[in-house]
Amino acid sequence: MIRRNRILRTTPAIRAMVAETILTPSNFIAPLFVVEGNNIKEEISSMPGYFRYSLDLLVGEAKELWSLGVKSVLLFIKCEDNLKDNKGTEAINPDGLMQRAIKTVKNAIPEMVVMTDVALDPYSTYGHDGIVEGNEIVNDATVEVLAEMSLSHAQAGADFVAPSDMMDGRILAIREILEENSFTKTGIMAYSAKYASCFYGPFRDALDSAPGFGDKKTYQMDYANSLEAIKETIMDIDEGADIVMVKPAMAYLDIIKLLKDNVTVPISAYHVSGEYAMVKAAAKMGWLDENKTIIESLTSIRRAGASLIATYFAKDAAKLING
Ligand code: PBG
């Protein structure tokens, strides 16, 4: 034998030397769920070990993430029922929960990269990402609100806005409104290849944002397709996206790789709530080793081509990596 492949696998030191993919806490974006109130840390039933925080307790969580080397949080809010409507009124309230959450985190940890979810679903009486007329989710009127919402997040101090709505033309509208208002340092992380996925189920429990009628298939992408992932992503980049996202992650590694081979901006992947729940459930049953599953999953997402990973395991994985 002139080639023995096992030589490079002989010891942990050799394996570490030739490892092609490195996972570090600065690769992670930690999603955080925020609720109104005081001293609230409530567990999400379909996401065991994951919590909604009131603003006072949010700070401690963000500080812990920062101390572990996680440099970014992605904020989501649970809107009070009486503030929901069909126009996203509360989404652009300068004193809304999201706007206060942004200020709270930026005040506590100015260096933390604060990203915000931009979509109407938590604010919508219908649980849809856009304005509803009849049975339709209307595009252009929604885009106007999303642009206003993004501006409002930038004004509150967000570093990146992250539109997750999948309306057409929203990246351009957001970039334009940011430019017009001199927010030349605010980034856009576009959910470019976001699929209509059953893996979002637990998230919708977390924010009480499940669609009241129908599904999201007229705006989120069909999981049978990969070509439109390229189309959507290239359009978002042309419209001004700084980072593009693939969502979900584990069942979509081919899409991450496809984009990696076709675009030149950083790619992030959203390791979503259902992916978290599956690992938690199997680990609880004793069927999977939770820690090993976390690290293998996240490393695989990085190997496929994601620079960044939004994951509910950000804190756990950072602790495991830091040792
Ligand atoms: C809302 C939004 C969703 C997620 C992120 N932003 C849900 C959806 O589109 O229905 C899912 C995140 C997750 O499942 O972890 N636009």
# chains A, B, ... in the order shown; residues from 1 in each chain; ligands from 1
$ residues_near_ligand --ligand "ligand 1" --cutoff "7 Å" --atoms "only C-alpha atoms and all ligand atoms" --output "list of chain:residue names"
A:Asp117, A:Ala119, A:Asp121, A:Asp129, A:Ser164, A:Asp165, A:Phe199, A:Tyr200, A:Gly201, A:Pro202, A:Phe203, A:Arg204, A:Ala210, A:His271, A:Val272, A:Ser273, A:Gly274
$ select_by_dssp --residues "region 158-297 of chain A" --states "alpha helix (DSSP H)" --output "MDAnalysis selection string"
chainID A and resid 170:180 201:207 227:238 253:260 273:284 290:297
$ residues_around --residues "region 297-306 of chain A" --least-positions-apart "5" --cutoff "7 Å" --atoms "only C-alpha atoms" --output "list of chain:residue names"
A:Thr21, A:Leu23, A:Ala249, A:Met250, A:Leu253, A:Ile256, A:Lys257, A:Lys260, A:Ile267, A:Ser268, A:Ala269
$ write_last_selection --atoms "N, CA and C atoms" --output "compact mmCIF listing (two decimals), in the first residue's frame"
# COMPACT_ATOMS: atom_id res chain seq x y z
N THR A 21 -12.69 22.33 9.01
CA THR A 21 -13.77 23.20 9.45
C THR A 21 -13.62 23.50 10.93
N LEU A 23 -15.18 25.47 14.30
CA LEU A 23 -16.41 26.03 14.87
C LEU A 23 -16.01 26.89 16.06
N ALA A 249 -31.72 24.66 8.27
CA ALA A 249 -30.32 24.38 7.97
C ALA A 249 -30.04 22.92 7.61
N MET A 250 -30.32 21.99 8.53
CA MET A 250 -29.84 20.62 8.37
C MET A 250 -30.40 19.88 7.16
N LEU A 253 -28.62 21.55 3.56
CA LEU A 253 -27.17 21.74 3.41
C LEU A 253 -26.79 21.88 1.94
N ILE A 256 -27.18 25.51 1.06
CA ILE A 256 -26.06 26.30 1.60
C ILE A 256 -24.86 26.17 0.66
N LYS A 257 -24.57 24.93 0.29
CA LYS A 257 -23.41 24.66 -0.58
C LYS A 257 -23.59 25.32 -1.95
N LYS A 260 -22.99 28.92 -1.55
CA LYS A 260 -21.55 29.14 -1.31
C LYS A 260 -20.80 29.17 -2.64
N ILE A 267 -22.67 33.74 4.08
CA ILE A 267 -23.94 33.01 4.17
C ILE A 267 -24.18 32.65 5.63
N SER A 268 -25.39 32.88 6.06
CA SER A 268 -25.74 32.38 7.39
C SER A 268 -26.82 31.32 7.21
N ALA A 269 -26.90 30.43 8.17
CA ALA A 269 -27.92 29.38 8.13
C ALA A 269 -28.70 29.46 9.43
$ residues_around --residues "Glu42 (chain A)" --least-positions-apart "3" --cutoff "7 Å" --atoms "only C-alpha atoms" --output "MDAnalysis selection string"
chainID A and resid 51:53
$ residues_around --residues "region 132-136 of chain A" --least-positions-apart "6" --cutoff "12 Å" --atoms "only C-alpha atoms" --output "list in words"
Asp85, Asn86, Lys87, Gly88, Leu120, Asp121, Ser124, Thr125, Tyr126, Thr142, Pro211, Gly212, Phe213, Gly214, Asp215, Lys216, Lys217, Thr218 and Tyr219 of chain A
$ write_last_selection --atoms "C-alpha atoms" --output "CSV table (one decimal), in the first residue's frame"
chain,number,residue,atom,x,y,z
A,85,ASP,CA,-53.8,44.1,14.0
A,86,ASN,CA,-53.6,43.6,10.2
A,87,LYS,CA,-51.3,46.6,9.5
A,88,GLY,CA,-48.3,46.1,11.7
A,120,LEU,CA,-45.3,41.1,10.5
A,121,ASP,CA,-46.3,37.7,11.9
A,124,SER,CA,-50.5,40.1,12.9
A,125,THR,CA,-54.0,39.1,14.1
A,126,TYR,CA,-53.7,36.5,11.2
A,142,THR,CA,-46.4,44.9,3.2
A,211,PRO,CA,-50.9,31.4,10.8
A,212,GLY,CA,-54.6,31.7,11.6
A,213,PHE,CA,-55.6,30.5,8.1
A,214,GLY,CA,-53.8,28.7,5.3
A,215,ASP,CA,-50.1,28.4,5.3
A,216,LYS,CA,-47.1,30.4,4.1
A,217,LYS,CA,-46.6,28.7,0.8
A,218,THR,CA,-47.4,31.7,-1.4
A,219,TYR,CA,-44.4,33.6,0.0
$ select_by_dssp --residues "region 45-283 of chain A" --states "strand (DSSP E)" --output "PyMOL selection string"
chain A and resi 47-54+72-77+113-118+131-133+136-138+160-163+187-194+243-247+267-271
$ residues_around --residues "Ala156 (chain A)" --least-positions-apart "4" --cutoff "8 Å" --atoms "only C-alpha atoms" --output "ChimeraX atom specification"
/A:94,99-100,102-103,152
$ write_last_selection --atoms "N, CA and C atoms" --output "tab-separated table (two decimals), in the first residue's frame"
chain	number	residue	atom	x	y	z
A	94	PRO	N	-42.22	53.43	17.99
A	94	PRO	CA	-40.85	53.71	18.45
A	94	PRO	C	-40.61	53.26	19.89
A	99	GLN	N	-38.27	47.73	19.97
A	99	GLN	CA	-37.42	48.91	20.00
A	99	GLN	C	-36.77	49.05	21.39
A	100	ARG	N	-37.53	48.76	22.44
A	100	ARG	CA	-36.95	48.83	23.80
A	100	ARG	C	-35.93	47.71	24.01
A	102	ILE	N	-33.97	46.38	21.75
A	102	ILE	CA	-32.73	46.78	21.05
A	102	ILE	C	-31.92	47.72	21.95
A	103	LYS	N	-32.61	48.74	22.48
A	103	LYS	CA	-31.91	49.74	23.32
A	103	LYS	C	-31.35	49.08	24.57
A	152	SER	N	-37.27	51.91	11.94
A	152	SER	CA	-37.52	52.06	13.36
A	152	SER	C	-36.53	51.23	14.20
$ residues_around --residues "region 54-58 of chain A" --least-positions-apart "4" --cutoff "8 Å" --atoms "only C-alpha atoms" --output "VMD selection string"
chain A and resid 34 to 41 62 101 104 to 105
$ decode --residues "region 210-253 of chain A" --atoms "N, CA and C atoms" --output "tab-separated table (two decimals), in the first residue's frame"
chain	number	residue	atom	x	y	z
A	210	ALA	N	-48.62	31.35	15.00
A	210	ALA	CA	-49.00	30.41	13.94
A	210	ALA	C	-50.03	31.05	13.03
A	211	PRO	N	-49.95	30.79	11.71
A	211	PRO	CA	-50.93	31.40	10.80
A	211	PRO	C	-52.35	30.98	11.16
A	212	GLY	N	-53.24	31.98	11.20
A	212	GLY	CA	-54.62	31.72	11.59
A	212	GLY	C	-55.40	31.01	10.49
A	213	PHE	N	-55.02	31.23	9.25
A	213	PHE	CA	-55.63	30.49	8.14
A	213	PHE	C	-54.54	30.16	7.15
A	214	GLY	N	-54.75	29.09	6.41
A	214	GLY	CA	-53.84	28.72	5.33
A	214	GLY	C	-52.43	28.43	5.82
A	215	ASP	N	-51.47	28.60	4.91
A	215	ASP	CA	-50.07	28.37	5.25
A	215	ASP	C	-49.25	29.49	4.63
A	216	LYS	N	-47.93	29.32	4.63
A	216	LYS	CA	-47.08	30.41	4.13
A	216	LYS	C	-46.50	30.11	2.75
A	217	LYS	N	-47.16	29.16	2.05
A	217	LYS	CA	-46.57	28.68	0.79
A	217	LYS	C	-46.64	29.66	-0.37
A	218	THR	N	-47.41	30.75	-0.25
A	218	THR	CA	-47.40	31.72	-1.35
A	218	THR	C	-46.27	32.72	-1.21
A	219	TYR	N	-45.57	32.69	-0.08
A	219	TYR	CA	-44.39	33.57	0.01
A	219	TYR	C	-43.10	32.82	0.36
A	220	GLN	N	-43.16	31.84	1.25
A	220	GLN	CA	-41.95	31.07	1.53
A	220	GLN	C	-41.76	30.02	0.42
A	221	MET	N	-40.53	29.57	0.23
A	221	MET	CA	-40.21	28.74	-0.93
A	221	MET	C	-40.62	27.27	-0.76
A	222	ASP	N	-40.82	26.65	-1.91
A	222	ASP	CA	-41.18	25.23	-1.97
A	222	ASP	C	-39.92	24.39	-1.76
A	223	TYR	N	-39.99	23.48	-0.80
A	223	TYR	CA	-38.78	22.69	-0.49
A	223	TYR	C	-38.41	21.71	-1.58
A	224	ALA	N	-39.21	21.63	-2.62
A	224	ALA	CA	-38.84	20.79	-3.76
A	224	ALA	C	-37.81	21.49	-4.65
A	225	ASN	N	-37.57	22.77	-4.40
A	225	ASN	CA	-36.78	23.56	-5.35
A	225	ASN	C	-35.44	24.05	-4.82
A	226	SER	N	-34.46	24.12	-5.75
A	226	SER	CA	-33.20	24.76	-5.38
A	226	SER	C	-32.84	25.92	-6.31
A	227	LEU	N	-33.33	25.90	-7.55
A	227	LEU	CA	-32.98	26.99	-8.47
A	227	LEU	C	-33.45	28.33	-7.94
A	228	GLU	N	-34.66	28.36	-7.36
A	228	GLU	CA	-35.15	29.66	-6.91
A	228	GLU	C	-34.38	30.16	-5.68
A	229	ALA	N	-33.65	29.29	-5.04
A	229	ALA	CA	-32.79	29.76	-3.94
A	229	ALA	C	-31.70	30.66	-4.51
A	230	ILE	N	-31.18	30.28	-5.67
A	230	ILE	CA	-30.15	31.11	-6.31
A	230	ILE	C	-30.76	32.43	-6.78
A	231	LYS	N	-31.94	32.32	-7.41
A	231	LYS	CA	-32.61	33.52	-7.93
A	231	LYS	C	-32.90	34.51	-6.80
A	232	GLU	N	-33.52	34.02	-5.73
A	232	GLU	CA	-33.87	34.89	-4.60
A	232	GLU	C	-32.62	35.54	-3.99
A	233	THR	N	-31.59	34.72	-3.85
A	233	THR	CA	-30.39	35.20	-3.17
A	233	THR	C	-29.65	36.24	-4.00
A	234	ILE	N	-29.51	35.97	-5.28
A	234	ILE	CA	-28.81	36.94	-6.14
A	234	ILE	C	-29.59	38.25	-6.19
A	235	MET	N	-30.92	38.15	-6.25
A	235	MET	CA	-31.73	39.39	-6.24
A	235	MET	C	-31.54	40.16	-4.94
A	236	ASP	N	-31.54	39.44	-3.82
A	236	ASP	CA	-31.36	40.12	-2.53
A	236	ASP	C	-30.00	40.81	-2.46
A	237	ILE	N	-28.98	40.17	-2.99
A	237	ILE	CA	-27.64	40.79	-2.98
A	237	ILE	C	-27.65	42.03	-3.86
A	238	ASP	N	-28.25	41.91	-5.04
A	238	ASP	CA	-28.34	43.07	-5.93
A	238	ASP	C	-29.12	44.22	-5.29
A	239	GLU	N	-30.08	43.87	-4.44
A	239	GLU	CA	-30.90	44.90	-3.79
A	239	GLU	C	-30.24	45.45	-2.53
A	240	GLY	N	-29.09	44.88	-2.14
A	240	GLY	CA	-28.36	45.48	-1.03
A	240	GLY	C	-28.18	44.64	0.22
A	241	ALA	N	-28.43	43.33	0.12
A	241	ALA	CA	-28.23	42.48	1.31
A	241	ALA	C	-26.74	42.30	1.59
A	242	ASP	N	-26.37	42.38	2.86
A	242	ASP	CA	-24.97	42.21	3.25
A	242	ASP	C	-24.65	40.76	3.58
A	243	ILE	N	-25.62	40.09	4.18
A	243	ILE	CA	-25.50	38.67	4.54
A	243	ILE	C	-26.77	38.01	4.03
A	244	VAL	N	-26.65	36.80	3.50
A	244	VAL	CA	-27.85	36.09	3.05
A	244	VAL	C	-28.03	34.83	3.89
A	245	MET	N	-29.26	34.41	4.01
A	245	MET	CA	-29.53	33.29	4.91
A	245	MET	C	-30.28	32.16	4.21
A	246	VAL	N	-29.95	30.96	4.65
A	246	VAL	CA	-30.69	29.77	4.25
A	246	VAL	C	-31.41	29.25	5.49
A	247	LYS	N	-32.65	28.84	5.32
A	247	LYS	CA	-33.43	28.43	6.47
A	247	LYS	C	-34.49	27.43	6.06
A	248	PRO	N	-34.68	26.33	6.77
A	248	PRO	CA	-33.85	25.77	7.86
A	248	PRO	C	-32.44	25.39	7.40
A	249	ALA	N	-31.72	24.66	8.27
A	249	ALA	CA	-30.32	24.38	7.97
A	249	ALA	C	-30.04	22.92	7.61
A	250	MET	N	-30.32	21.99	8.53
A	250	MET	CA	-29.84	20.62	8.37
A	250	MET	C	-30.40	19.88	7.16
A	251	ALA	N	-31.68	20.14	6.83
A	251	ALA	CA	-32.26	19.47	5.67
A	251	ALA	C	-31.95	20.25	4.38
A	252	TYR	N	-31.20	21.33	4.52
A	252	TYR	CA	-30.95	22.24	3.39
A	252	TYR	C	-29.46	22.51	3.18
A	253	LEU	N	-28.62	21.55	3.56
A	253	LEU	CA	-27.17	21.74	3.41
A	253	LEU	C	-26.79	21.88	1.94
